[in-house]
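Below is one structure, written out as structure tokens, with a few remarks after it.
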Amino acid sequence: MKFFFCLIVILVQLLNVTNSGATSLIYTSNTTNYQANNYVFRKNDIAQGFVRLSNGFTVLPDACATMDLLFSVSGAIDLRETGTMKLLRDCVFDSAVTLSSGGNIKGYGHAIILNGNLTIPTGKVLHISGDTIIDGQGNKLTIGANAQIFVDTNVTLTLCNMLVTNQQHALTFPPLRCGAQTSKLALDNVTFTPVGNFLFPQGQLFIHNDVAVTGTSAFIYTSPMPSYITSGACWYFDINTTLSVAPATFTDAPYTLKTTYTNNNFIRMSDATSMLVFDGCSLQTTLTGCRFTKGTIAFDNKVACRSDTTLTLTSITLRAKQDYGTSVVALNWSPDGKYLAISGYGPTSGNEVQVYAFDGSSLTLVTSLDYGSYALGVNWSPDGRYLAICGKTPTSGKELQVYAFNGSSLTLVASIDYGNAFYTVNWSPDGRYLAFGGVGPISGDDVQVYAFDGSSLTLVASLDYGGVVYTVNCSPDGRYIAIGGNAPTGGNEVQVYAFDGSSLTLVTSLDYGGIVFGVNWSPDGRYLAVVGSGPTSGNEIQIYSFSGSSLTLVSSTDFGDAGSSVNMVNWSPDGRYIAICGTGAISENEVEVYAFSGSSLTPVSSIDFVGAAVNTVSWRPDGRYLAIGGQIAGTGHEEVYTCDYVNNTITQALSNSIVFGDSAKGSTYDARVNVLAGARVNLFGAMSYDGINAVLLGDEEQ
């Protein structure tokens with residue numbers, strides 16, 4: 001008995017004295033486990049109860065530290081980029097807490113409470129992978145240069161009681177990013193002072209209590225999903241700021257994949273106590289218009305409202321060219337638009353995968369690697385930290401490879417043996433999954449989906465297409481995967497599957513009548529573009545609307561004569577244009593850009609690649625540049641084109657302007673509009689009031 005008692009004492013002392021073994025710290029008595037050194041958490045370690053981490057902690061790569069602490073945390077926190085901090089109760093960060101890396105936080109609805117300012121380090125990405133609250137208690141959250149807080153699919157991040165600001169960043173790499181249409185960012189008693197224009201490209205925003213946007217930048221709302229100003233809340237835009245409502249969708253857009261439609265009410269107010277205040281700033285919208293209902297809109301000082309102009313693409317102009325070798329097969333822009341990844345076969349350098357920096361006028365090689373054979377697919381993760389590559393018979397024997405990218409080099413972190421050729425690779429919107437397609441793998445399943453944790457790939461779902469899979473594409477909300485190829489078992493070349501994180505379920509399919517080389521979802525997930533060779537209809541380019549259960553053809557057009565082939569299709573970031581490329585075009589223009597109206601395709605511009613094959617095309621995330629790659633007379637090229645836009649004044653219907661109220665839905669959808677004493681509203685374009693009851697202007701009812 002004495003022996004066992006001594007053994008217990010020794011074990012407790014070990015927990016108090018050393019962290020070299022990183023065993024769990026579980027203290028539920030009134031005796032405090034005081035950790036004077038930086039504590040190292042290994043896989044599935046727990047810190048619970050009366051534990052004081054006085055000098056911070058480190059979570060090793062891919063490990064998970066479960067925090068259930070009764071005391072605050074001090075010192076440096078290092079999540080080693082892929083480590084996870086999981087909260088079982090609220091966790092208090094003392095004023096001296098610092099972060100030295102990116103990583104993952106799963107809040108499970110609990111809060112990180114700040115007793116001091118907190119900075120996300122330069123270039124680091126902090127993933128919020130479970131519902132999390134960060135309560136600033138009046139302190140400042142600074143997101144460093146080119147750093148990002150990334151909210152994963154089906155996750156809500158709430159920032160409350162704080163000042164939020166950031167350092168320099170690319171427009172398409174915003175400091176706060178919803179990773180998918182089902183991601184949510186809630187702001188509660190927050191002052192947000194963005195440095196540089198802030199893009200909100202997807203997901204939903206929720207405004208609680210008082211939220212102010214200050215500074216001199218624009219808040220650019222391009223998400224096709226609605227956002228909400230809740231009951232009693234006020235969203236305030238200060239002097240010299242701008243709210244730009246430019247959703248990447250069309251008027252009467254469905255906010256879900258069901259058949260319910262609503263009229264351009266992208267910023268929704270819950271009731272009459274919800275407020276939107278414009279104080280000496282600007283309100284701008286595009287051809288979609290913007291409708292405000294239910295709440296109160298106030299104008300103070302000089303406010304400019306513009307709804308009469310839109311950017312229209314008129315032409316594309318060669319900006320930069322780079323020799324590759326035999327053939328460029330795939331290329332893809334990084335999320336921040338700074339880098340262009342290229343893959344193919346037979347390059348001059350012998351390195352099939354190459355990453356170039358693009359400065360707006362030239363391409364400069366940053367790094368490259370020898371895949372060893374045909375590198376047929378390349379795709380950046382949504383946070384820009386990883387590059388996925390697939391192909392045929394590489395030197396390593398691993399057809400799928402994932403590399404970490406640090407801005408200057410590529411480091412292999414994970415790979416798998418598929419058993420044959422992988423033709424296509426695509427990340428889910430939040431970067432948690434990779435979908436692949438090919439032909440004849442060892443397992444017999446042509447389509448495979450892997451979970452990725454930063455260092456390893458785990459198969460979670462697969463299916464037998466029954467033929468060659470040339471293209472897979474994940475929908476913007478991560479709920480669906482579209483597949484295309486040749487000669488599948490079922491006879492339908494295009495197939496759409498629902499994906500729930502663990503299984504693939506067929507939703508709908510269609511007979512293209514030929515070989516499908518490209519499928520691509522529009523940014524709002526409402527449309528699926530399909531291209532290939534030899535379809536039954538003779539129209540190689542086809543656009544389908546997607547209801548969540550079926551595909552309906554809305555527009556199609558010919559690319560070339562018999563034997564022509566469209567090899568790739570890609571939507572512009574605003575969803576208004578598609579770029580396609582291939583061989584054998586009627587006009588001898590192997591690259592063509594079309595405007596899409598929601599029901600029809602109209603030619604805009606084209607490129608003659610000197611009668612050769614163009615295999616791949618990719619819009620830069622800001623829509624300003626278009627990259628193409630292919631083969632000319634046995635020599636591979638990648639080229640970058642400037643997209644030339646003009647600022648057009650458009651004739652608007654009142655319903656597509658700035659509208660207050662919605663009489664069709666009754667008086668509860670009236671909006672109260674207040675132009676405060678001494679204020680002035682300068683209007684460029686159309687504005688209308690569509691309420692049933694009177695609108696309040698200044699101090700008088702009109």
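Numbering starts fresh at 1 for the residues of each chain in the structure tokens, the chains themselves are lettered A, B, ... in the order given, and ligands are numbered from 1 as they appear.
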Within 9 Å of range 515-531 of chain A, counting only C-alpha atoms, which residues show up once you throw out same-chain ones fewer than 3 positions away? Write them as a compact mmCIF listing (two decimals) with C-alpha atoms, in the first residue's frame, please.
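Contents of out-v6.txt, as written:
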```txt
# COMPACT_ATOMS: atom_id res chain seq x y z
CA GLN A 181 -21.11 30.50 -48.09
CA GLN A 202 -18.63 34.95 -49.23
CA SER A 223 -21.09 37.72 -51.00
CA PRO A 224 -24.27 36.36 -52.65
CA MET A 225 -25.59 35.49 -49.19
CA PRO A 247 -22.86 40.76 -54.72
CA ALA A 248 -21.43 38.16 -57.08
CA THR A 249 -24.86 37.13 -58.27
CA ALA A 253 -30.88 35.59 -56.50
CA PRO A 254 -31.78 32.66 -54.29
CA TYR A 255 -29.93 32.75 -51.01
CA THR A 256 -30.13 28.99 -50.69
CA LEU A 257 -30.18 26.26 -53.26
CA VAL A 469 -12.78 11.48 -64.62
CA TYR A 470 -11.27 14.64 -66.08
CA THR A 471 -12.73 17.31 -63.80
CA VAL A 472 -14.09 17.76 -60.27
CA ASN A 473 -15.22 21.02 -58.67
CA CYS A 474 -16.52 21.75 -55.16
CA SER A 475 -19.47 24.14 -54.83
CA PRO A 476 -18.90 27.47 -53.01
CA ASP A 477 -20.75 26.24 -49.93
CA ALA A 482 -19.62 18.22 -59.59
CA ILE A 483 -17.84 15.60 -61.69
CA GLY A 484 -17.27 15.26 -65.42
CA GLY A 485 -15.48 12.82 -67.69
CA ASN A 486 -15.91 10.15 -70.32
CA ALA A 487 -17.92 6.92 -70.61
CA GLU A 493 -21.07 12.29 -68.06
CA VAL A 494 -21.99 15.09 -65.62
CA TYR A 512 -23.64 15.68 -72.17
CA GLY A 534 -18.54 16.21 -79.18
CA PRO A 535 -21.80 16.71 -77.25
CA ASN A 539 -22.96 23.01 -78.29
CA GLU A 540 -19.67 22.46 -76.48
CA ILE A 541 -20.35 25.24 -73.94
CA GLN A 542 -23.37 24.68 -71.70
CA ILE A 543 -24.63 26.59 -68.64
CA TYR A 544 -27.06 24.90 -66.24
CA SER A 545 -28.98 26.34 -63.32
CA PHE A 546 -28.87 24.22 -60.16
CA SER A 547 -31.81 24.05 -57.77
CA GLY A 548 -30.24 21.78 -55.18
CA LEU A 551 -29.79 20.79 -63.41
CA SER A 565 -12.70 20.64 -77.98
CA VAL A 566 -13.23 23.00 -75.05
CA ASN A 567 -10.69 22.00 -72.42
CA MET A 568 -11.47 24.32 -69.51
CA VAL A 569 -14.03 26.82 -68.23
CA ASN A 570 -13.63 29.32 -65.41
CA TRP A 571 -16.03 31.91 -63.93
CA SER A 572 -14.95 35.46 -63.19
CA PRO A 573 -15.03 36.31 -59.47
CA ASP A 574 -18.19 38.43 -59.89
CA GLY A 575 -20.03 35.68 -61.75
CA ARG A 576 -20.76 37.86 -64.78
CA ILE A 578 -16.91 32.92 -68.20
CA ILE A 580 -13.17 29.09 -71.97
CA GLY A 598 -28.37 34.56 -66.11
```
Give me, as JSON lines, each residue of range 121-223 of chain A that comes within 12 Å of range 391-413 of chain A, together with its shortest interatomic pair and the distance in Å at one decimal, counting only C-alpha atoms, with rows ordered by chain and rising residue number.
```
{"residue": "A:Gly123", "atom": "CA", "partner": "A:Asn406", "partner_atom": "CA", "distance": 8.9}
{"residue": "A:Lys124", "atom": "CA", "partner": "A:Asn406", "partner_atom": "CA", "distance": 10.0}
{"residue": "A:Val125", "atom": "CA", "partner": "A:Asn406", "partner_atom": "CA", "distance": 11.8}
{"residue": "A:Asn146", "atom": "CA", "partner": "A:Gly407", "partner_atom": "CA", "distance": 11.3}
```
Export, as a PDB file, in the first residue's frame, the selected residues with N, CA and C atoms.
```pdb
ATOM      1  N   GLY A 123       1.680  37.283 -41.977  1.00  0.00           N
ATOM      2  CA  GLY A 123       1.720  36.130 -42.870  1.00  0.00           C
ATOM      3  C   GLY A 123       1.129  34.858 -42.315  1.00  0.00           C
ATOM      4  N   LYS A 124       0.561  34.888 -41.105  1.00  0.00           N
ATOM      5  CA  LYS A 124       0.023  33.672 -40.491  1.00  0.00           C
ATOM      6  C   LYS A 124      -1.495  33.596 -40.682  1.00  0.00           C
ATOM      7  N   VAL A 125      -2.005  32.367 -40.726  1.00  0.00           N
ATOM      8  CA  VAL A 125      -3.439  32.135 -40.884  1.00  0.00           C
ATOM      9  C   VAL A 125      -3.951  31.380 -39.668  1.00  0.00           C
ATOM     10  N   ASN A 146      -0.687  40.639 -44.377  1.00  0.00           N
ATOM     11  CA  ASN A 146      -0.913  39.386 -45.099  1.00  0.00           C
ATOM     12  C   ASN A 146      -1.240  38.227 -44.173  1.00  0.00           C
TER      13      ASN A 146
END
```
Residues within 10 Å of Asn38 in chain A, please, as an MDAnalysis selection string. Count only C-alpha atoms; anything in the same chain fewer than 5 positions from it doesn't count.
chainID A and resid 19 53:58 74:78
Could you tell me, as a short mmCIF file (atom, residue, chain, number, x, y, z; two decimals) with C-alpha atoms, in the first residue's frame, which residues of range 115-330 of chain A DSSP assigns to strand (DSSP E) when given the backbone?
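Everything below was put into part.cif:
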```
data_model
loop_
_atom_site.label_atom_id
_atom_site.label_comp_id
_atom_site.auth_asym_id
_atom_site.auth_seq_id
_atom_site.Cartn_x
_atom_site.Cartn_y
_atom_site.Cartn_z
CA LEU A 118 -3.63 40.60 -29.34
CA THR A 119 -1.88 40.43 -32.73
CA ILE A 120 -2.10 37.75 -35.41
CA VAL A 125 -3.44 32.13 -40.88
CA LEU A 126 -5.56 31.33 -37.84
CA HIS A 127 -8.37 28.91 -38.70
CA ILE A 128 -11.56 29.01 -36.66
CA SER A 129 -12.75 25.43 -37.06
CA GLY A 130 -15.47 25.42 -34.40
CA THR A 132 -15.76 30.57 -31.24
CA ILE A 133 -16.16 33.90 -29.43
CA ILE A 134 -13.27 36.32 -28.97
CA ASP A 135 -14.18 38.90 -26.33
CA GLY A 136 -11.79 41.83 -26.44
CA GLN A 137 -13.04 43.56 -23.29
CA GLY A 138 -12.20 46.89 -24.93
CA ASN A 139 -8.78 45.81 -26.22
CA LYS A 140 -7.43 45.79 -29.77
CA LEU A 141 -7.17 42.84 -32.16
CA THR A 142 -4.59 43.51 -34.88
CA ILE A 143 -4.30 41.23 -37.88
CA GLN A 148 -5.81 36.19 -41.87
CA ILE A 149 -8.46 34.84 -39.53
CA PHE A 150 -10.20 32.16 -41.62
CA VAL A 151 -13.68 30.94 -40.64
CA THR A 156 -19.49 31.09 -36.59
CA LEU A 157 -16.82 33.44 -35.28
CA THR A 158 -18.04 36.20 -32.95
CA LEU A 159 -15.81 39.20 -32.29
CA CYS A 160 -17.12 41.39 -29.47
CA ASN A 161 -16.14 44.38 -27.36
CA MET A 162 -12.99 45.27 -29.27
CA LEU A 163 -11.25 47.46 -31.80
CA VAL A 164 -10.31 45.46 -34.92
CA THR A 165 -7.67 46.65 -37.34
CA ASN A 166 -5.16 45.17 -39.75
CA LEU A 176 -11.14 38.35 -41.86
CA ARG A 177 -12.36 35.68 -44.28
CA CYS A 178 -15.43 33.45 -44.32
CA LYS A 184 -20.59 33.29 -40.44
CA LEU A 185 -18.86 36.32 -38.94
CA ALA A 186 -20.66 38.10 -36.08
CA LEU A 187 -19.57 41.57 -34.88
CA ASP A 188 -20.85 42.72 -31.49
CA ASN A 189 -19.83 46.13 -30.08
CA VAL A 190 -16.90 46.37 -32.46
CA THR A 191 -15.08 49.28 -34.05
CA PHE A 192 -13.55 48.07 -37.31
CA THR A 193 -10.85 50.23 -38.88
CA PHE A 198 -11.98 45.23 -47.04
CA LEU A 199 -13.54 42.54 -49.25
CA PHE A 200 -16.31 40.29 -47.94
CA GLN A 204 -22.72 35.90 -43.86
CA LEU A 205 -22.22 38.86 -41.54
CA PHE A 206 -24.26 39.48 -38.37
CA ILE A 207 -24.28 42.91 -36.70
CA HIS A 208 -25.11 43.01 -32.97
CA ASN A 209 -25.39 46.11 -30.77
CA ASP A 210 -23.10 48.92 -32.06
CA VAL A 211 -20.67 48.24 -34.88
CA ALA A 212 -18.73 51.10 -36.50
CA VAL A 213 -16.62 51.11 -39.65
CA ALA A 218 -14.40 50.71 -48.34
CA PHE A 219 -16.30 47.72 -46.99
CA ILE A 220 -16.96 45.79 -50.23
CA TYR A 221 -19.77 43.29 -49.85
CA SER A 227 -26.28 39.50 -43.94
CA TYR A 228 -28.23 40.80 -40.95
CA ILE A 229 -28.47 43.80 -38.67
CA CYS A 234 -26.67 49.75 -35.36
CA TRP A 235 -24.18 49.46 -38.23
CA TYR A 236 -22.45 52.84 -38.50
CA PHE A 237 -20.27 54.04 -41.40
CA THR A 242 -17.76 53.46 -48.10
CA LEU A 243 -20.28 50.62 -48.10
CA SER A 244 -20.21 48.97 -51.51
CA VAL A 245 -22.90 46.35 -52.12
CA ILE A 267 -28.36 43.68 -46.09
CA ARG A 268 -31.37 42.65 -44.00
CA MET A 269 -32.64 44.42 -40.89
CA MET A 275 -30.31 50.80 -37.82
CA LEU A 276 -27.94 51.57 -40.68
CA VAL A 277 -26.25 54.98 -40.35
CA PHE A 278 -24.31 56.77 -43.09
CA ASP A 279 -22.30 59.71 -41.73
CA SER A 282 -20.63 56.77 -49.47
CA LEU A 283 -23.17 54.09 -50.37
CA GLN A 284 -22.57 52.34 -53.68
CA THR A 285 -24.23 49.46 -55.46
CA CYS A 290 -29.81 47.01 -53.08
CA ARG A 291 -33.07 47.04 -51.10
CA PHE A 292 -33.37 47.99 -47.41
CA THR A 296 -34.17 52.59 -39.96
CA ILE A 297 -31.67 54.21 -42.33
CA ALA A 298 -30.16 57.53 -41.30
CA PHE A 299 -28.10 60.00 -43.36
CA ASP A 300 -25.93 62.57 -41.61
CA LYS A 302 -22.74 64.83 -46.74
CA VAL A 303 -23.48 61.35 -48.10
CA ALA A 304 -22.95 60.22 -51.70
CA CYS A 305 -25.24 57.47 -53.02
CA ARG A 306 -24.37 55.91 -56.37
CA THR A 309 -22.58 52.75 -62.95
CA THR A 310 -21.08 49.33 -63.42
CA LEU A 311 -17.76 47.98 -64.66
CA THR A 312 -18.09 46.22 -68.00
CA LEU A 313 -15.39 44.02 -69.51
CA THR A 314 -14.58 45.12 -73.06
CA SER A 315 -11.32 43.41 -74.02
CA ILE A 316 -8.29 41.48 -72.81
CA THR A 317 -4.71 42.57 -73.54
CA LEU A 318 -1.49 40.54 -73.31
CA ARG A 319 0.54 41.62 -70.29
CA ALA A 320 3.17 38.92 -69.70
CA LYS A 321 4.39 35.71 -71.35
CA GLN A 322 6.62 32.91 -70.10
CA ASP A 323 8.07 29.88 -71.93
CA TYR A 324 7.46 26.56 -70.19
CA GLY A 325 8.49 23.75 -72.50
CA THR A 326 6.34 21.15 -74.19
CA SER A 327 2.86 21.77 -72.75
CA VAL A 328 1.20 23.68 -69.92
CA VAL A 329 -1.73 21.56 -68.71
CA ALA A 330 -2.95 23.42 -65.61
#
```
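Between CA of Leu114 in chain A and CA of Val92 in chain A the separation is 6.1 Å.
Among the candidate residues A:Asp45, A:Asp308, A:Asp608, A:Asp62, the one lying nearest to Ser657 in chain A is A:Asp308, with distances computed using only C-alpha atoms.
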Find the residues near Thr364 in chain A: any atom within 12 Å, counting only C-alpha atoms, skip ones fewer than 2 places away on the same chain, and give them as a list in words.
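Those residues are Ala320, Lys321, Gln322, Asp323, Lys338, Tyr339, Leu340, Ala341, Gln354, Val355, Tyr356, Ala357, Phe358, Asp359, Gly360, Ser361, Ser362, Val366, Thr367, Ser368 and Ser408 of chain A.
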Excluding Val447 in chain A and residues on its chain fewer than 6 positions from it, collect all residues at most 7 Å away from it, counting only C-alpha atoms, and give them as a CSV table (one decimal) with N, CA and C atoms, in the first residue's frame.
```
chain,number,residue,atom,x,y,z
A,436,PHE,N,-10.4,14.5,-55.8
A,436,PHE,CA,-9.6,14.1,-56.9
A,436,PHE,C,-10.4,13.2,-57.9
A,437,GLY,N,-9.9,13.2,-59.1
A,437,GLY,CA,-10.5,12.3,-60.1
A,437,GLY,C,-9.5,11.8,-61.1
A,438,GLY,N,-9.7,10.6,-61.6
A,438,GLY,CA,-8.7,10.1,-62.5
A,438,GLY,C,-9.2,8.8,-63.2
A,462,SER,N,-15.4,7.9,-51.5
A,462,SER,CA,-14.9,7.6,-52.8
A,462,SER,C,-16.1,7.1,-53.6
A,463,LEU,N,-16.0,7.0,-54.9
A,463,LEU,CA,-17.0,6.4,-55.7
A,463,LEU,C,-16.4,5.9,-57.0
A,464,ASP,N,-17.1,5.0,-57.6
A,464,ASP,CA,-16.7,4.4,-58.9
A,464,ASP,C,-17.5,5.1,-60.0
A,465,TYR,N,-16.9,6.0,-60.7
A,465,TYR,CA,-17.5,6.7,-61.9
A,465,TYR,C,-17.7,5.8,-63.0
```
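For the atom pair formed by CA of Val675 in chain A and CA of Thr222 in chain A, the distance is 26.8 Å, given to one decimal.
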